[in-house]
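Peer 1: Here it is, the structure, as C-alpha cells.
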Amino acid sequence: MRVTNKMISDRVLFNIQTSLKRIAKLHDQLSSGYKVRYPSDDAVVAKRASDILTRKRELEQFQRSVDHVQTYVNAYDSALQTVSSITQRLRELLVRAANGTLSKAEREAIAEEIDKIKENLVEVANTRIGNEYIFSGYDVFSQPVENENGTWKISTLPASDKSRSILVLGHSIDYGVTASEVFELDSGKNVFQMLEEVSATLRSNLNETQISERVSNVFLKELSYFEERITRTIGEVGGVSRFIDMVNSRVQDLDFFFTEYLSKERDADITELVTDLAMQQSVLEAALKSASRVLQATLVDFVR
Amino acid sequence: MPDMSMFGILNTALTGIHAHKLAMNVVVHNIANASTPGYSRQRPVIEANPPIPLTTLTQPSFPLQMGTGAKVKTIVRLRDAFLDVQYRQVNNRYNYWDTVLSNLHFIEQLLAEPGEDGIRSLVDNFWNAFKEVMSDPSSTASKAEVVSRAQQMVSQIKDLYGRLEQLREDIDDEIVQRVSEINQMIKRLADLNNKIRTSMMLNSPPNDLLDERDRILDELSNLANINYTEAEDGQITLRIGNQIVLNGSTYRELRALERPYGKGYHELFVGNSQLILSDGKLKALMDLRDSSIVKYMRKLDEFVLFITDSLNLVHRDGFESNGVTTNLNFFKKIEAFSDDPSIFRIKGSRKLEMGPYHTVTGIHSASSQVEIEGRRFNSDDIVLSFGGGSSNVLNVSAGTTIGDLVGSWNLLGTSLRVGSHAGGYRLYLEDSTGSLRNKLFLSLGDSLSQMGFDTETKGYITIKESDLSGLSSGVYNINVEYTLEDGTRQTETISVDLSSGVNLSNIEASINSSSHLRAQIYADPSTGENMLVIVPDEQLNFDPSAVKVLSDDDFFTESNAFVRNYEVLKYKDTLENIFYGQTGFDPTRPFTITINSTDIEIDPAVDTLETLVEKINEKNTGVLADLTPHHSLVFRASSLYDFDLRMMEIKGPQGFFEAVGFVDPDGDPNTFDWSSSFTLVSKSDDFTTLSERFKVADILTFDRAPYDEPLNIVNQFEVSSSLAANPANLAVDVGYALENSDWNATSIKPSGGANPELLETIQNLYTRKILSNGKESFYEFFGGVVSELGVEAETASNLKNNTEILRQEIDNAREEVKGVSLDEEMVNMIEYQHAFSAAAKVITAVDQMIQTVINMVG
C-alpha cells in the first residue's frame, strides 16, 4: 500500500483533533460538574434528570404549603389549649354554683366571672392569623361568632362551614377547625348562649334549690359535652399535626433521595474525570511528539 | 549502403534527453503541487520510438531493427473514479447529519433542559404558585404571584417560539445563498465541460482541468446528492437530486421560488419541475425548516392551546374571594381571523347540575329478576323516609327478601321496582314526580347498601325512650335559627308540650308542628327500644348544621339527646336522571355515540357525566372529553387530528347533543329528541354551516396552517388584561348551584373564599392526561419534548461521527492513489537525472566520434 506524505499529515491531524475533542469534552464536564449537560449527550438520562428537577420543584412547593399549614395547626392547638384551661375554671365555678348554700353576692360574683369567661371564649373563637379568621371555615373574612340582638350566634353559613384543606403528595389534608365543631353542642346550641343562660340563671330570682338543680342537672352536663368536644378536637388537631410532621419528613426524605438520584445520574465523577483528563493530556503529548518526528523525514533531506 | 549515421545516433541520444527532460518536468509539477488540494499526481508514460529497419555493412542481406530512442507518449493522471463516487456519497450523508446536529443543538440550548432555569421550571413554578394560593387564599400577594409567574411563563414561551421562527428564517436565507453557490458551480462545470472536450479532441488529456472539475464535484457533494456520468468525449452529464442540470455545455440553474403562504419561504425548482433532494446540507436545511423545527413549534402551540383553554374554562366557573366577579378568563382567548378556521373545542351551554332526581339504581346487571328479588337481608333493620312534611318507617326483618321489600315499599309516593335494563335486570327506586332530592331515606344498618344503593353516613339527633327521666312534664320552648339553602335565615320558637305526659309521641307531635323539623319514632332493631330521630326538612337540605339552637330550656340536655349515625341513601347524577322524560329517551337501553367509527356505549342508568367523559377518553378516538366545574360538557380535538374537530365524524342521538347544549336544531331549547340520530360534525361540513349549527354552544376556533408551517397560536398567548391589571380578580371559589327543574343550573352562588375545590381542580389539571392525544399531562409534556429532542440529537451526533470516520477512511484511500509522495518523486527525479546525464555523455562521446571521422578526412 502506498503511503503519501499527505496521508500521514492528514492522519496526524485527525488524531490530534480527536484527542483535543476528547480533552475539550472532559474539560466541559469538569468545569460544569455535569456528565450529561444536553439531551444530545444522553437522551434517557437527560429526560430523567429533567423529570427529577420538576419533582424537586414540586417538593419545594409542598414544603411551603406544609409550613403554612403548620402555622395554622399550631394556632388551633394553642387556641384549643386555652379553651381547655378555661373550661377547667368553668367547671370549678359551676361546681361551686351547684352548691346550694351560696349567697346572692357570691352567685353574682360567679356570674360576673362566667361573663368574662364567655367574652374570653368569644375572642378565642374569633382568632385571626393575619386577617383571616381561623375558625370560620371557607368564609375567612367573616367573623364566626357574633352577638345578634342579645343572642350569641355562630354565623357561618352551612355551605362555608367546612374545614379547609390542602393537597400535598397526593393526600388531601383537612386541617381546618370550625367554630361549630368546637363551640356547638350536639343539639345545635352554642356554648356562648349556654353561658348566657348560666349567668342569667345565677342572677335570677329562682330559689337556691332550683338554681343548684339546674346547674348540676343541665349546665354541668352541657359542660361535659363541651369538654368532650374540646378533647376530641384537640385529639384531631394533634392527629393532623402528627400527619403534617410525617408529610414534612417524607417531603424532606424525598428531596434528599431525589437530589442523590439526580446527582448519580447527571453529575460527573470528579476523580474519574481528572484521571481521564490527565491520561488524555499525556496521549496528546505523545501524539504531538511522534507527529513532529514523522512529518519531518523525507528523502529530500538526504539527496545531495 | 544505408546504415545508421553518426548523426542518427546523436538524434537517438537527443530523444533520451528530451524524454527525460519532460519526465523531470512532470516530477517537478508533482512536487510543486504536493500540497494543492484536490491535485492528482501525474506520471509520464515513456515509450520506445518505433524502430527503423536498416541493413548494415556487416549484414547486407536482412535488415536489423534499429531503435530510435524514447518519447513521452502521454502524461497519465492517477485517480480512482470509483473511490470518488464513494467519497461523494458519504460526504453527502456527513453534511446532512452535521447540519442537523448543529441546529438541534441550538434548539436544545434554548430549552435549557435539564437545568434549574429551563422551560420546565417556568411551567412548574406557575403551577406551584396556585398551591401557594390554596394555602393562603385571602392573600392578594399570593394571587399577584400567580399572575406574575404566568406572565413570566408566557413571555419565555413566546420568546422561545420567536427564536425558533427566527432560526427558520435564517435557514431560509442560507438555502437561497447556497442555491446561488450551486448555480455558480454548475456554470463553471459547463465551462470546464467545453474546455475538456476541446482538449480531448486534440488527444491530450487535460489533467489539471479534470482536477478542477473533481474539486467542484467534491464541493457540490457537500450541498446536495449528485449523480454524474462521463461521456466518451470527456464531458459529464450532471444530475442534482432528481433533476438533470448539466448536459454537455447546456446547463439549467436551480431556482428558489417563494411560497404563496406563511412567510414566503423558498421551494427549489429546476425549470418548472420541483427539485427533490435526498441528502446533503441543503436537504438538511429544508428538513429542519419544514419539519423538525415546525414539529417543536407545534408542540409549543399544543401546549398553549390546551393550557389556555382548560385553565380558562375552569377559571370562568369560579368567583374571586369576595364572591362578586365570575366568568373571567385567565388567559386571553385564542381567536381565529380567517373565515375557514379549525374548530378546536365545543362547550355545551347547559350546566347539568342540581336538577330533579327521578331514579336511583341499586343492583344492576343481574341476569334474572329472581336474582335480585331472591336476595335475603341478613339482619334486622329499619328504613326511614322523610320529605314533604311527612315521614315513614319500614321494618326490615332478617331473612326476608328484597322481593318482599319491593312489595311492601310504600314510602313517600316512591316505588321500589325490579325492571329490565340493558339486557339484564336492575333494582331501582323511582319517583315519577322527580322530587327525590326532597326526600330522605335512611337506614340504621346496611339494608340500603345491600340493595346496591350508594350510601353515606350522617349524624342526626336521636332521643332514647329510656332516657326521658330527666325531663319534667311541662312546656319546653326551643328557639332555633334556620339557614335556608338560599342563605336566608329564619327563627322559630318550638314548644315541646309534655304536660299531658313525658313520652316520645308528645315530643314527636310537637316537633312535627314546627316549620322545618320532622321527628319520627322507630323501634331500634337490636334492642327493640323506641327511639325518636329529628331531621331537618328538605328546605334545609336535610342538613343538621343548618339548624342552630339558640336556647332550649335545657330540653336537649335533660333528654340526653345524642347524635346517632345513619346510612343515608345517596343520589347520583346519572344520565337517566339528567335526560329523564325527554322525547324518545329510554333509560333501560344504552345509547351509542360514534366518534370516527368507534362506538362508545353509554348506560344511562349507571353512567354519570364523569363516567361518560372517561369512556370517551379511554377509546382514544381523537376527541378528548372534559367537564367544567359546573358540569358543562366539553369536546376537544387532540393532536391525532391536528386539533381540528372538523376533521372528525361524531354521531349520536340528537337528544343527547341538544341536552348538553351543543346544538338546538329545532329551535326549541326545552325539547330534546332522542329518537333521531344526529351528525354533530363531519368532514364535509363547511364552516358557515357549522357555526350556524353550534350557535348555542361555545366554540373555540383558530386559523389553519399548512403541514409545514407552525400554528402560530403561541403568538396569541397572553394573560388576560383584567387579571393582569388586578390579580385580586383571580377566581378561587367554585361556588354552588341552586336547585332547578330542568338540569340547567343558571344560578350559581359564591360560597366563600377558602373553598378549596376550584384550586384543587386547577392543581389536578397539572397531572391530567390531556396532551398528546391523552397520553401526557402538562407535568410530563416538556419532558417528552426534551426526550424527543435528545433522541433526535443523539442520533444525529452518532451518525455524524460514523460518517465522519467513514469519509476520512475513503479520503485516505483516494489519497493513496492520487497523492504525491515526495520520496517517490525524489527517486524518480534521481532516475531521470541519471538518465539525462548518461544521454548527455553519449552526445559528448558521439561528438568525439564525429570529430575523429572529420579529422580522418580533412
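In the C-alpha cells, chains take letters A, B, ... by order of appearance, with residues numbered from 1 within each chain and ligands from 1 in the order shown.
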So that I can see what lies close to Arg768 (chain B), please list as a compact mmCIF listing (two decimals) with C-alpha atoms, in the first residue's frame the residues with an atom at most 9 Å from it, counting only C-alpha atoms and leaving out residues fewer than 4 positions away in the same chain.

Peer 2:
# COMPACT_ATOMS: atom_id res chain seq x y z
CA ASN B 764 -55.25 18.41 39.35
CA GLY B 774 -54.46 11.75 26.10
CA GLU B 776 -49.28 13.16 28.54
CA SER B 777 -50.13 15.75 31.15
CA PHE B 778 -48.76 19.28 31.45
CA TYR B 779 -46.39 17.91 34.04

Peer 1: Find the nearest atom pair between each residue of chain A and chain B for residues within 7 Å, count only C-alpha atoms, give distances in Å to one decimal, sort rows by chain and ascending number, and present the table as a tab-separated table.

Peer 2:
residue	atom	partner	partner_atom	distance
A:Arg2	CA	B:Glu816	CA	5.6
A:Val3	CA	B:Glu816	CA	6.0
A:Thr4	CA	B:Ser821	CA	4.4
A:Asn5	CA	B:Ser821	CA	5.6
A:Lys6	CA	B:Gly819	CA	6.8
A:Met7	CA	B:Asn812	CA	6.3
A:Tyr38	CA	B:Glu108	CA	6.8
A:Pro39	CA	B:Gly790	CA	4.1
A:Ser40	CA	B:Glu794	CA	4.4
A:Asp41	CA	B:Glu794	CA	6.4
A:Asp42	CA	B:Glu794	CA	6.8
A:Ala43	CA	B:Gly790	CA	4.3
A:Val44	CA	B:Ser787	CA	6.8
A:Ala46	CA	B:Pro114	CA	6.0
A:Lys47	CA	B:Ser787	CA	5.4
A:Ala49	CA	B:Pro114	CA	6.0
A:Ser50	CA	B:Pro114	CA	4.6
A:Asp51	CA	B:Gly783	CA	6.4
A:Thr54	CA	B:Asp124	CA	6.6
A:Arg57	CA	B:Asp124	CA	6.9
A:Glu58	CA	B:Asn128	CA	6.8
A:Gln61	CA	B:Asn128	CA	6.0
A:Ser65	CA	B:Ser135	CA	6.0
A:His68	CA	B:Ser135	CA	6.7
A:Tyr138	CA	B:Ala754	CA	4.0
A:Asp139	CA	B:Gly752	CA	4.5
A:Val140	CA	B:Ala754	CA	6.4
A:Pro158	CA	B:Ala546	CA	5.7
A:Ala159	CA	B:Ser751	CA	6.2
A:Ser160	CA	B:Ser751	CA	5.8
A:Arg164	CA	B:Ala754	CA	6.8
A:Ser165	CA	B:Pro756	CA	6.7
A:Ile166	CA	B:Ser135	CA	6.4
A:Asp186	CA	B:Val563	CA	6.3
A:Ser187	CA	B:Phe556	CA	6.2
A:Gly188	CA	B:Val549	CA	4.8
A:Lys189	CA	B:Val549	CA	4.3
A:Gln193	CA	B:Leu550	CA	6.5
A:Val218	CA	B:Thr557	CA	6.0
A:Lys221	CA	B:Thr557	CA	6.8
A:Glu222	CA	B:Thr557	CA	6.4
A:Thr298	CA	B:Asp823	CA	6.0
A:Leu299	CA	B:Asp823	CA	5.1
A:Val300	CA	B:Met826	CA	6.6

Peer 1: Near region 680-689 of chain B, counting only C-alpha atoms, which residues have an atom at most 9 Å away, once you skip same-chain residues fewer than 4 positions from it, shown as a ChimeraX atom specification?

Peer 2: /B:339-343,645-652,654,657,662-663,693-694

Peer 1: Can you spit out the residues from that selection as a PDB file, in the first residue's frame, using N, CA and C atoms?

Peer 2:
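Output contents, as saved in result-v1.pdb:
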ATOM      1  N   ASP B 339     -61.770  33.068   7.547  1.00  0.00           N
ATOM      2  CA  ASP B 339     -63.176  32.647   7.581  1.00  0.00           C
ATOM      3  C   ASP B 339     -63.348  31.147   7.365  1.00  0.00           C
ATOM      4  N   ASP B 340     -62.259  30.394   7.460  1.00  0.00           N
ATOM      5  CA  ASP B 340     -62.392  28.937   7.393  1.00  0.00           C
ATOM      6  C   ASP B 340     -61.450  28.302   8.415  1.00  0.00           C
ATOM      7  N   PRO B 341     -61.705  28.584   9.678  1.00  0.00           N
ATOM      8  CA  PRO B 341     -60.746  28.122  10.685  1.00  0.00           C
ATOM      9  C   PRO B 341     -61.013  26.689  11.133  1.00  0.00           C
ATOM     10  N   SER B 342     -60.101  26.175  11.970  1.00  0.00           N
ATOM     11  CA  SER B 342     -60.309  24.883  12.611  1.00  0.00           C
ATOM     12  C   SER B 342     -61.149  25.122  13.865  1.00  0.00           C
ATOM     13  N   ILE B 343     -61.935  24.110  14.217  1.00  0.00           N
ATOM     14  CA  ILE B 343     -62.668  24.192  15.490  1.00  0.00           C
ATOM     15  C   ILE B 343     -61.951  23.292  16.481  1.00  0.00           C
ATOM     16  N   LEU B 645     -61.736  19.590  15.192  1.00  0.00           N
ATOM     17  CA  LEU B 645     -62.907  18.716  15.258  1.00  0.00           C
ATOM     18  C   LEU B 645     -63.512  18.526  13.880  1.00  0.00           C
ATOM     19  N   ARG B 646     -63.252  19.464  12.975  1.00  0.00           N
ATOM     20  CA  ARG B 646     -63.837  19.362  11.654  1.00  0.00           C
ATOM     21  C   ARG B 646     -63.266  18.199  10.848  1.00  0.00           C
ATOM     22  N   MET B 647     -62.124  17.660  11.296  1.00  0.00           N
ATOM     23  CA  MET B 647     -61.522  16.523  10.609  1.00  0.00           C
ATOM     24  C   MET B 647     -62.194  15.216  11.026  1.00  0.00           C
ATOM     25  N   MET B 648     -63.121  15.301  11.968  1.00  0.00           N
ATOM     26  CA  MET B 648     -63.663  14.068  12.530  1.00  0.00           C
ATOM     27  C   MET B 648     -65.119  13.904  12.187  1.00  0.00           C
ATOM     28  N   GLU B 649     -65.615  12.711  12.518  1.00  0.00           N
ATOM     29  CA  GLU B 649     -67.026  12.476  12.358  1.00  0.00           C
ATOM     30  C   GLU B 649     -67.608  12.039  13.692  1.00  0.00           C
ATOM     31  N   ILE B 650     -68.557  12.805  14.205  1.00  0.00           N
ATOM     32  CA  ILE B 650     -69.159  12.492  15.506  1.00  0.00           C
ATOM     33  C   ILE B 650     -70.658  12.362  15.324  1.00  0.00           C
ATOM     34  N   LYS B 651     -71.162  11.203  15.713  1.00  0.00           N
ATOM     35  CA  LYS B 651     -72.612  10.964  15.554  1.00  0.00           C
ATOM     36  C   LYS B 651     -73.191  10.484  16.865  1.00  0.00           C
ATOM     37  N   GLY B 652     -74.487  10.725  17.043  1.00  0.00           N
ATOM     38  CA  GLY B 652     -75.125  10.211  18.250  1.00  0.00           C
ATOM     39  C   GLY B 652     -76.579  10.610  18.252  1.00  0.00           C
ATOM     40  N   GLN B 654     -79.778  12.751  18.695  1.00  0.00           N
ATOM     41  CA  GLN B 654     -79.942  14.198  18.647  1.00  0.00           C
ATOM     42  C   GLN B 654     -80.210  14.754  20.044  1.00  0.00           C
ATOM     43  N   PHE B 657     -77.079  15.562  22.141  1.00  0.00           N
ATOM     44  CA  PHE B 657     -76.362  16.795  21.816  1.00  0.00           C
ATOM     45  C   PHE B 657     -77.187  18.032  22.179  1.00  0.00           C
ATOM     46  N   PHE B 662     -75.001  21.488  22.954  1.00  0.00           N
ATOM     47  CA  PHE B 662     -74.114  21.693  21.808  1.00  0.00           C
ATOM     48  C   PHE B 662     -74.891  22.322  20.653  1.00  0.00           C
ATOM     49  N   VAL B 663     -76.100  21.785  20.417  1.00  0.00           N
ATOM     50  CA  VAL B 663     -76.879  22.244  19.256  1.00  0.00           C
ATOM     51  C   VAL B 663     -78.336  22.435  19.660  1.00  0.00           C
ATOM     52  N   ARG B 693     -74.782  25.826  13.107  1.00  0.00           N
ATOM     53  CA  ARG B 693     -75.203  24.655  13.884  1.00  0.00           C
ATOM     54  C   ARG B 693     -74.850  24.812  15.358  1.00  0.00           C
ATOM     55  N   PHE B 694     -73.677  25.348  15.636  1.00  0.00           N
ATOM     56  CA  PHE B 694     -73.208  25.431  17.023  1.00  0.00           C
ATOM     57  C   PHE B 694     -73.523  26.764  17.671  1.00  0.00           C
TER      58      PHE B 694
END

Peer 1: Do a neighbour search on region 234-247 of chain A at 9 Å with only C-alpha atoms, toss out local chain neighbours closer than 2 positions, and write the hits as a VMD selection string.

Peer 2: chain A and resid 63 66 to 67 69 to 70 73 to 74 76 to 77 80 to 81 168 to 169 173 to 177 229 to 232 249 to 252

Peer 1: Kindly save the residues from that selection, with N, CA and C atoms included, as a CSV table (one decimal), in the first residue's frame.

Peer 2:
chain,number,residue,atom,x,y,z
A,63,GLN,N,-43.3,21.7,50.6
A,63,GLN,CA,-42.7,22.1,51.8
A,63,GLN,C,-43.3,23.4,52.3
A,66,VAL,N,-46.8,22.9,53.5
A,66,VAL,CA,-46.8,22.2,54.8
A,66,VAL,C,-46.4,23.2,55.9
A,67,ASP,N,-45.5,24.0,55.6
A,67,ASP,CA,-45.1,25.0,56.6
A,67,ASP,C,-46.2,25.9,57.0
A,69,VAL,N,-49.4,25.3,56.7
A,69,VAL,CA,-50.4,24.6,57.4
A,69,VAL,C,-50.0,24.4,58.9
A,70,GLN,N,-48.7,24.2,59.1
A,70,GLN,CA,-48.2,24.0,60.4
A,70,GLN,C,-48.5,25.3,61.3
A,73,VAL,N,-52.1,24.9,62.3
A,73,VAL,CA,-52.2,23.9,63.2
A,73,VAL,C,-51.7,24.3,64.6
A,74,ASN,N,-50.6,25.0,64.6
A,74,ASN,CA,-50.1,25.5,65.9
A,74,ASN,C,-51.1,26.5,66.5
A,76,TYR,N,-54.4,26.6,66.0
A,76,TYR,CA,-55.5,25.8,66.6
A,76,TYR,C,-55.2,25.2,67.9
A,77,ASP,N,-54.0,24.6,67.9
A,77,ASP,CA,-53.6,23.9,69.1
A,77,ASP,C,-53.5,24.8,70.3
A,80,LEU,N,-57.0,25.9,71.3
A,80,LEU,CA,-57.8,24.9,72.0
A,80,LEU,C,-57.2,24.6,73.4
A,81,GLN,N,-55.9,24.7,73.6
A,81,GLN,CA,-55.4,24.6,74.9
A,81,GLN,C,-55.9,25.7,75.8
A,168,VAL,N,-51.3,17.7,49.4
A,168,VAL,CA,-49.8,17.5,49.4
A,168,VAL,C,-49.5,16.1,49.1
A,169,LEU,N,-48.6,15.8,48.2
A,169,LEU,CA,-48.1,14.5,47.9
A,169,LEU,C,-49.3,13.5,47.6
A,173,ILE,N,-55.3,17.1,52.9
A,173,ILE,CA,-55.2,17.2,54.3
A,173,ILE,C,-56.2,18.2,54.8
A,174,ASP,N,-57.2,17.7,55.6
A,174,ASP,CA,-58.2,18.6,56.2
A,174,ASP,C,-57.6,19.2,57.4
A,175,TYR,N,-57.2,20.4,57.4
A,175,TYR,CA,-56.5,20.9,58.6
A,175,TYR,C,-57.4,21.9,59.4
A,176,GLY,N,-58.5,22.4,58.8
A,176,GLY,CA,-59.2,23.5,59.5
A,176,GLY,C,-60.1,22.9,60.6
A,177,VAL,N,-60.4,23.8,61.5
A,177,VAL,CA,-61.3,23.5,62.6
A,177,VAL,C,-62.4,24.6,62.5
A,229,ARG,N,-66.1,17.6,73.4
A,229,ARG,CA,-65.8,18.1,72.1
A,229,ARG,C,-64.4,18.7,72.0
A,230,ILE,N,-64.1,19.4,73.1
A,230,ILE,CA,-62.7,20.0,73.1
A,230,ILE,C,-61.7,18.9,73.0
A,231,THR,N,-61.9,17.9,73.9
A,231,THR,CA,-60.9,16.8,73.9
A,231,THR,C,-60.8,16.2,72.5
A,232,ARG,N,-61.9,15.9,72.0
A,232,ARG,CA,-61.9,15.3,70.7
A,232,ARG,C,-61.2,16.1,69.6
A,249,SER,N,-41.5,15.2,57.0
A,249,SER,CA,-40.3,14.4,57.0
A,249,SER,C,-40.2,13.6,55.7
A,250,ARG,N,-41.4,13.1,55.2
A,250,ARG,CA,-41.5,12.4,53.9
A,250,ARG,C,-41.0,13.3,52.8
A,251,VAL,N,-41.5,14.6,52.8
A,251,VAL,CA,-41.0,15.5,51.8
A,251,VAL,C,-39.5,15.7,51.8
A,252,GLN,N,-39.0,15.8,53.0
A,252,GLN,CA,-37.6,16.0,53.1
A,252,GLN,C,-36.8,14.8,52.7

Peer 1: I want to know what sits within 8 Å of Gln280 (chain A), based on only C-alpha atoms, with residues of the same chain fewer than 5 positions away left out; could you give that as a ChimeraX atom specification?

Peer 2: /A:19,22-23

Peer 1: Enumerate as a ChimeraX atom specification all residues of region 89-256 of chain A assigned to alpha helix (DSSP H) by DSSP on the backbone, naming them with the chain letters and numbers the document uses.

Peer 2: /A:89-98,104-125,179-183,191-203,208-213,220-256

Peer 1: For region 714-719 of chain B, list every protein, DNA or RNA residue within 9 Å, evaluated using only C-alpha atoms, and leave out those in the same chain fewer than 3 positions away; present the list as a VMD selection string.

Peer 2: chain B and resid 147 150 to 151 154 to 155 157 to 158 161 to 162 297 300 to 305 308 329 to 335 711 722 to 724

Peer 1: Within 10 Å of Asn25 (chain B), counting only C-alpha atoms, which residues qualify if same-chain residues fewer than 6 places away don't, as a ChimeraX atom specification?

Peer 2: /B:19,31,44,829

Peer 1: Using DSSP assignments from the backbone, pull out every residue in region 46-151 of chain A that falls under strand (DSSP E) and give it to me as a list in words.

Peer 2: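 DSSP on the backbone gives strand (DSSP E) at Arg128, Ile129, Glu132, Tyr133, Val145, Glu146, Asn147, Glu148 and Thr151 of chain A.
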
Peer 1: Those residues with all heavy atoms, as a compact mmCIF listing (two decimals), in the first residue's frame please?

Peer 2:
# COMPACT_ATOMS: atom_id res chain seq x y z
N ARG A 128 -57.63 35.33 64.77
CA ARG A 128 -57.22 35.60 63.39
C ARG A 128 -55.74 35.34 63.20
O ARG A 128 -54.94 35.58 64.09
CB ARG A 128 -57.48 37.05 63.03
CG ARG A 128 -58.94 37.36 62.89
CD ARG A 128 -59.14 38.52 61.98
NE ARG A 128 -58.99 39.77 62.69
CZ ARG A 128 -59.24 40.95 62.14
NH1 ARG A 128 -59.64 41.01 60.90
NH2 ARG A 128 -59.08 42.04 62.83
N ILE A 129 -55.40 34.86 62.00
CA ILE A 129 -53.98 34.89 61.59
C ILE A 129 -53.94 35.86 60.42
O ILE A 129 -54.58 35.63 59.40
CB ILE A 129 -53.51 33.50 61.12
CG1 ILE A 129 -53.44 32.52 62.28
CG2 ILE A 129 -52.13 33.64 60.48
CD1 ILE A 129 -52.83 31.19 61.88
N GLU A 132 -57.31 36.65 58.44
CA GLU A 132 -58.22 35.52 58.22
C GLU A 132 -58.66 34.95 59.55
O GLU A 132 -57.83 34.66 60.41
CB GLU A 132 -57.50 34.41 57.45
CG GLU A 132 -57.39 34.70 55.98
CD GLU A 132 -56.64 33.58 55.27
OE1 GLU A 132 -56.73 32.41 55.72
OE2 GLU A 132 -55.97 33.89 54.30
N TYR A 133 -59.96 34.75 59.69
CA TYR A 133 -60.47 34.10 60.89
C TYR A 133 -60.25 32.60 60.75
O TYR A 133 -60.66 32.00 59.77
CB TYR A 133 -61.98 34.38 61.04
CG TYR A 133 -62.29 35.81 61.36
CD1 TYR A 133 -62.68 36.69 60.36
CD2 TYR A 133 -62.18 36.29 62.67
CE1 TYR A 133 -62.95 38.02 60.65
CE2 TYR A 133 -62.45 37.61 62.96
CZ TYR A 133 -62.83 38.47 61.95
OH TYR A 133 -63.09 39.77 62.24
N VAL A 145 -68.22 34.28 65.29
CA VAL A 145 -69.13 34.39 66.43
C VAL A 145 -69.55 35.84 66.61
O VAL A 145 -68.72 36.72 66.78
CB VAL A 145 -68.46 33.87 67.72
CG1 VAL A 145 -69.37 34.08 68.92
CG2 VAL A 145 -68.12 32.40 67.56
N GLU A 146 -70.85 36.05 66.57
CA GLU A 146 -71.36 37.42 66.70
C GLU A 146 -72.56 37.45 67.64
O GLU A 146 -73.26 36.46 67.80
CB GLU A 146 -71.83 37.93 65.34
CG GLU A 146 -70.71 38.19 64.39
CD GLU A 146 -71.22 38.50 63.00
OE1 GLU A 146 -72.22 37.89 62.58
OE2 GLU A 146 -70.59 39.34 62.34
N ASN A 147 -72.79 38.62 68.16
CA ASN A 147 -73.96 38.78 69.02
C ASN A 147 -75.04 39.52 68.24
O ASN A 147 -74.86 40.67 67.83
CB ASN A 147 -73.58 39.57 70.28
CG ASN A 147 -74.75 39.61 71.24
OD1 ASN A 147 -75.89 39.88 70.87
ND2 ASN A 147 -74.46 39.33 72.50
N GLU A 148 -76.16 38.82 68.00
CA GLU A 148 -77.22 39.45 67.22
C GLU A 148 -78.42 39.67 68.14
O GLU A 148 -79.03 38.71 68.60
CB GLU A 148 -77.62 38.50 66.10
CG GLU A 148 -77.79 39.16 64.76
CD GLU A 148 -78.05 38.12 63.68
OE1 GLU A 148 -77.07 37.50 63.22
OE2 GLU A 148 -79.22 37.90 63.36
N THR A 151 -78.45 37.71 71.28
CA THR A 151 -78.20 36.26 71.24
C THR A 151 -76.86 36.01 70.57
O THR A 151 -76.55 36.63 69.55
CB THR A 151 -79.27 35.55 70.39
OG1 THR A 151 -80.50 36.23 70.54
CG2 THR A 151 -79.41 34.10 70.79
